[in-house]
Amino acid sequence: MNDDLYNDLLEASWHRKLTAEEEAQLRGWLAAHPEKQSEWEEELALNQQLERLPNAPLASNFTAQVLGKLDLELRREEREAARPRKFAAWWRGLVPRFVSVLLLGLLAGTAVVQYRERQREEMVDGLIHVAPVASVLQPEVLQNFDAIHRLGHVPAVSDEELLAALQ
Amino acid sequence: MLLDLMSAQVDPDAALMLRVREGDRDAFALLVDRYKQPVMNLVARTLRDLTEAEDVAQHVFLQVYKSAHRYEVTAKFSTWIFTIARNLCLNEIRRRSRHPADSIDATREGDEEHPARQLEDARTFSPPDTLLQRELEIKVDEAVNALPEKQRTALLLCRQEDVSYEEIAKVLGCSVSATKSLIHRARETLKEQLKPYLKTGVWHEAD
């Protein structure tokens with residue numbers, strides 16, 4: 001028998017109790033290798049002590065606690081999942097309103113801009129008509145403006161009378 | 001799906017897990033009952049704080065339930081749950097290292113209100129147990145707790161008869177030979193530290 005057998009049996013003993021057949025094999029091997037006897041005894045003693053390691057204390061209602069926590073967790077997840085749905089619904093309701101307000105705003109803005117454009121065009125037209133006159137007007141002309149302006153309101157008959165008198 | 005069902009026939013826990021995946025709470029409760037002690041043992045020995053350990057152990061099962069829809073029977077259920085348990089423990093240890101006020105060292109020292117050796121408090125000793133035997137058990141416990149995390153996890157999982165070396169290797173994310181090496185080194189450390197007790201013959205008396 002070789003060392004591999006001993007190592008295999010050793011590894012098996014770390015993990016589980018050896019079967020009767022394995023025990024017999026081991027005894028045979030140790031009989032042929034007495035120098036390994038003390039090592040084997042150490043291994044065996046350590047196995048026994050490790051088996052005696054106490055279980056960590058566990059609450060008697062551990063399973064119930066886990067199920068309780070699971071319920072809480074699932075409810076919390078449901079609430080969290082519902083929150084985005086509410087937000088989405090609110091958002092979906094908000095979008096048409098926002099679009100309507102935006103369209104109204106755009107229309108109002110366009111109207112204001114067009115109105116201002118039109119005013120500006122009218123002003124330009126007026127200026128085009130007035131510009132030639134304004135350029136020839138001299139202050140001397142404006143001195144007798146009132147008298148000349150009043151002449152426009154004098155009845156035509158007066159003109160004829162004046163003409164006759166002059167002749 | 002067919003593969004899942006075939007594998008589930010081999011591993012009864014996987015079959016339960018497939019039921020959990022369908023939302024079966026009874027199957028989940030069965031799995032919790034079956035695995036609460038091994039999971040708690042691993043978590044408590046890794047974190048060394050019972051209150052924290054129970055919380056993390058419960059979280060392991062919540063994680064199992066929440067991840068059920070992702071569960072595929074590619075490995076034994078025990079491998080999966082111990083991997084989750086180990087990862088959560090490592091996360092907790094990392095969290096503590098970022099917040100030194102809650103560090104493992106702080107809990108290790110302990111005080112009157114929060115004794116460091118909380119696991120020992122729950123022990124009961126039957127009348128035939130000698131003081132020497134109790135001392136030895138405490139020493140073994142301390143020596144196991146002092147092992148590096150990977151060695152300790154490998155050693156503790158090795159105690160679970162239904163968890164093979166291959167499965168332990170998967171939990172630890174290393175090869176089978178590396179796993180055996182970890183266990184070997186852990187045992188050598190324990191034997192070295194417990195040698196005085198061996199020399200006094202306590203081990204033999206305790207047998």
# chains A, B, ... in the order shown; residues from 1 in each chain; ligands from 1
>>> closest_atom_pairs(of="segment 140-167 of chain B", to="segment 64-81 of chain B", cutoff="9 Å", atoms="only C-alpha atoms", output="Markdown table")
| residue | atom | partner | partner_atom | distance |
| --- | --- | --- | --- | --- |
| B:Asp162 | CA | B:Ser78 | CA | 8.5 |
| B:Val163 | CA | B:Ser78 | CA | 7.2 |
| B:Glu167 | CA | B:Thr79 | CA | 5.6 |
>>> write_last_selection(atoms="N, CA and C atoms", output="PDB file, in the first residue's frame")
ATOM      1  N   ASP B 162     -22.404  16.739   3.721  1.00  0.00           N
ATOM      2  CA  ASP B 162     -23.027  16.723   2.392  1.00  0.00           C
ATOM      3  C   ASP B 162     -22.426  17.766   1.447  1.00  0.00           C
ATOM      4  N   VAL B 163     -21.387  18.458   1.903  1.00  0.00           N
ATOM      5  CA  VAL B 163     -20.724  19.428   1.017  1.00  0.00           C
ATOM      6  C   VAL B 163     -19.369  18.846   0.606  1.00  0.00           C
ATOM      7  N   GLU B 167     -17.536  21.277  -4.065  1.00  0.00           N
ATOM      8  CA  GLU B 167     -18.490  22.355  -3.734  1.00  0.00           C
ATOM      9  C   GLU B 167     -17.828  23.432  -2.868  1.00  0.00           C
TER      10      GLU B 167
END
>>> interface_residues(of="chain A", to="chain B", cutoff="7 Å", atoms="only C-alpha atoms", output="list in words")
Trp14, His15, Arg16, Ala45, Leu53, Asn55, Ala56, Pro57, Thr63, Val66 and Leu70 of chain A
>>> residues_around(residues="Leu10 of chain A", least_positions_apart="4", cutoff="10 Å", atoms="only C-alpha atoms", output="list in words")
Asp4, Leu5, Tyr6, Trp14, His15, Leu18, Leu26, Trp40, Glu43 and Leu44 of chain A
>>> decode(residues="segment 135-183 of chain B", atoms="C-alpha atoms", output="PDB file, in the first residue's frame")
ATOM      1  CA  GLU B 135     -10.950  24.720  28.479  1.00  0.00           C
ATOM      2  CA  LEU B 136      -9.962  22.635  25.499  1.00  0.00           C
ATOM      3  CA  GLU B 137     -13.207  23.391  23.692  1.00  0.00           C
ATOM      4  CA  ILE B 138     -12.676  27.088  24.282  1.00  0.00           C
ATOM      5  CA  LYS B 139      -9.134  26.807  22.946  1.00  0.00           C
ATOM      6  CA  VAL B 140     -10.324  24.948  19.847  1.00  0.00           C
ATOM      7  CA  ASP B 141     -12.994  27.580  19.318  1.00  0.00           C
ATOM      8  CA  GLU B 142     -10.474  30.391  19.662  1.00  0.00           C
ATOM      9  CA  ALA B 143      -7.983  28.676  17.382  1.00  0.00           C
ATOM     10  CA  VAL B 144     -10.643  28.156  14.705  1.00  0.00           C
ATOM     11  CA  ASN B 145     -11.754  31.777  14.983  1.00  0.00           C
ATOM     12  CA  ALA B 146      -8.173  32.973  14.640  1.00  0.00           C
ATOM     13  CA  LEU B 147      -7.688  31.190  11.304  1.00  0.00           C
ATOM     14  CA  PRO B 148      -7.572  33.262   8.113  1.00  0.00           C
ATOM     15  CA  GLU B 149     -11.051  33.622   6.607  1.00  0.00           C
ATOM     16  CA  LYS B 150     -10.544  31.272   3.661  1.00  0.00           C
ATOM     17  CA  GLN B 151      -8.978  28.543   5.774  1.00  0.00           C
ATOM     18  CA  ARG B 152     -11.712  28.847   8.382  1.00  0.00           C
ATOM     19  CA  THR B 153     -14.517  28.767   5.816  1.00  0.00           C
ATOM     20  CA  ALA B 154     -12.970  25.752   4.110  1.00  0.00           C
ATOM     21  CA  LEU B 155     -12.562  23.962   7.440  1.00  0.00           C
ATOM     22  CA  LEU B 156     -16.111  24.729   8.580  1.00  0.00           C
ATOM     23  CA  LEU B 157     -17.684  23.705   5.284  1.00  0.00           C
ATOM     24  CA  CYS B 158     -15.613  20.559   5.392  1.00  0.00           C
ATOM     25  CA  ARG B 159     -17.501  19.645   8.573  1.00  0.00           C
ATOM     26  CA  GLN B 160     -20.697  19.518   6.507  1.00  0.00           C
ATOM     27  CA  GLU B 161     -20.743  15.943   5.310  1.00  0.00           C
ATOM     28  CA  ASP B 162     -23.027  16.723   2.392  1.00  0.00           C
ATOM     29  CA  VAL B 163     -20.724  19.428   1.017  1.00  0.00           C
ATOM     30  CA  SER B 164     -18.021  17.926  -1.164  1.00  0.00           C
ATOM     31  CA  TYR B 165     -14.535  19.306  -1.706  1.00  0.00           C
ATOM     32  CA  GLU B 166     -15.633  20.351  -5.209  1.00  0.00           C
ATOM     33  CA  GLU B 167     -18.490  22.355  -3.734  1.00  0.00           C
ATOM     34  CA  ILE B 168     -16.277  23.966  -1.110  1.00  0.00           C
ATOM     35  CA  ALA B 169     -13.909  24.922  -3.926  1.00  0.00           C
ATOM     36  CA  LYS B 170     -16.811  26.581  -5.783  1.00  0.00           C
ATOM     37  CA  VAL B 171     -17.854  28.524  -2.679  1.00  0.00           C
ATOM     38  CA  LEU B 172     -14.294  29.753  -2.189  1.00  0.00           C
ATOM     39  CA  GLY B 173     -13.712  30.340  -5.868  1.00  0.00           C
ATOM     40  CA  CYS B 174     -10.568  28.217  -6.069  1.00  0.00           C
ATOM     41  CA  SER B 175      -9.487  24.803  -7.273  1.00  0.00           C
ATOM     42  CA  VAL B 176     -10.119  21.556  -5.402  1.00  0.00           C
ATOM     43  CA  SER B 177      -6.420  21.095  -4.745  1.00  0.00           C
ATOM     44  CA  ALA B 178      -6.178  24.648  -3.397  1.00  0.00           C
ATOM     45  CA  THR B 179      -9.180  23.923  -1.166  1.00  0.00           C
ATOM     46  CA  LYS B 180      -7.573  20.780   0.219  1.00  0.00           C
ATOM     47  CA  SER B 181      -4.397  22.750   0.777  1.00  0.00           C
ATOM     48  CA  LEU B 182      -6.355  25.411   2.699  1.00  0.00           C
ATOM     49  CA  ILE B 183      -7.922  22.740   4.907  1.00  0.00           C
TER      50      ILE B 183
END
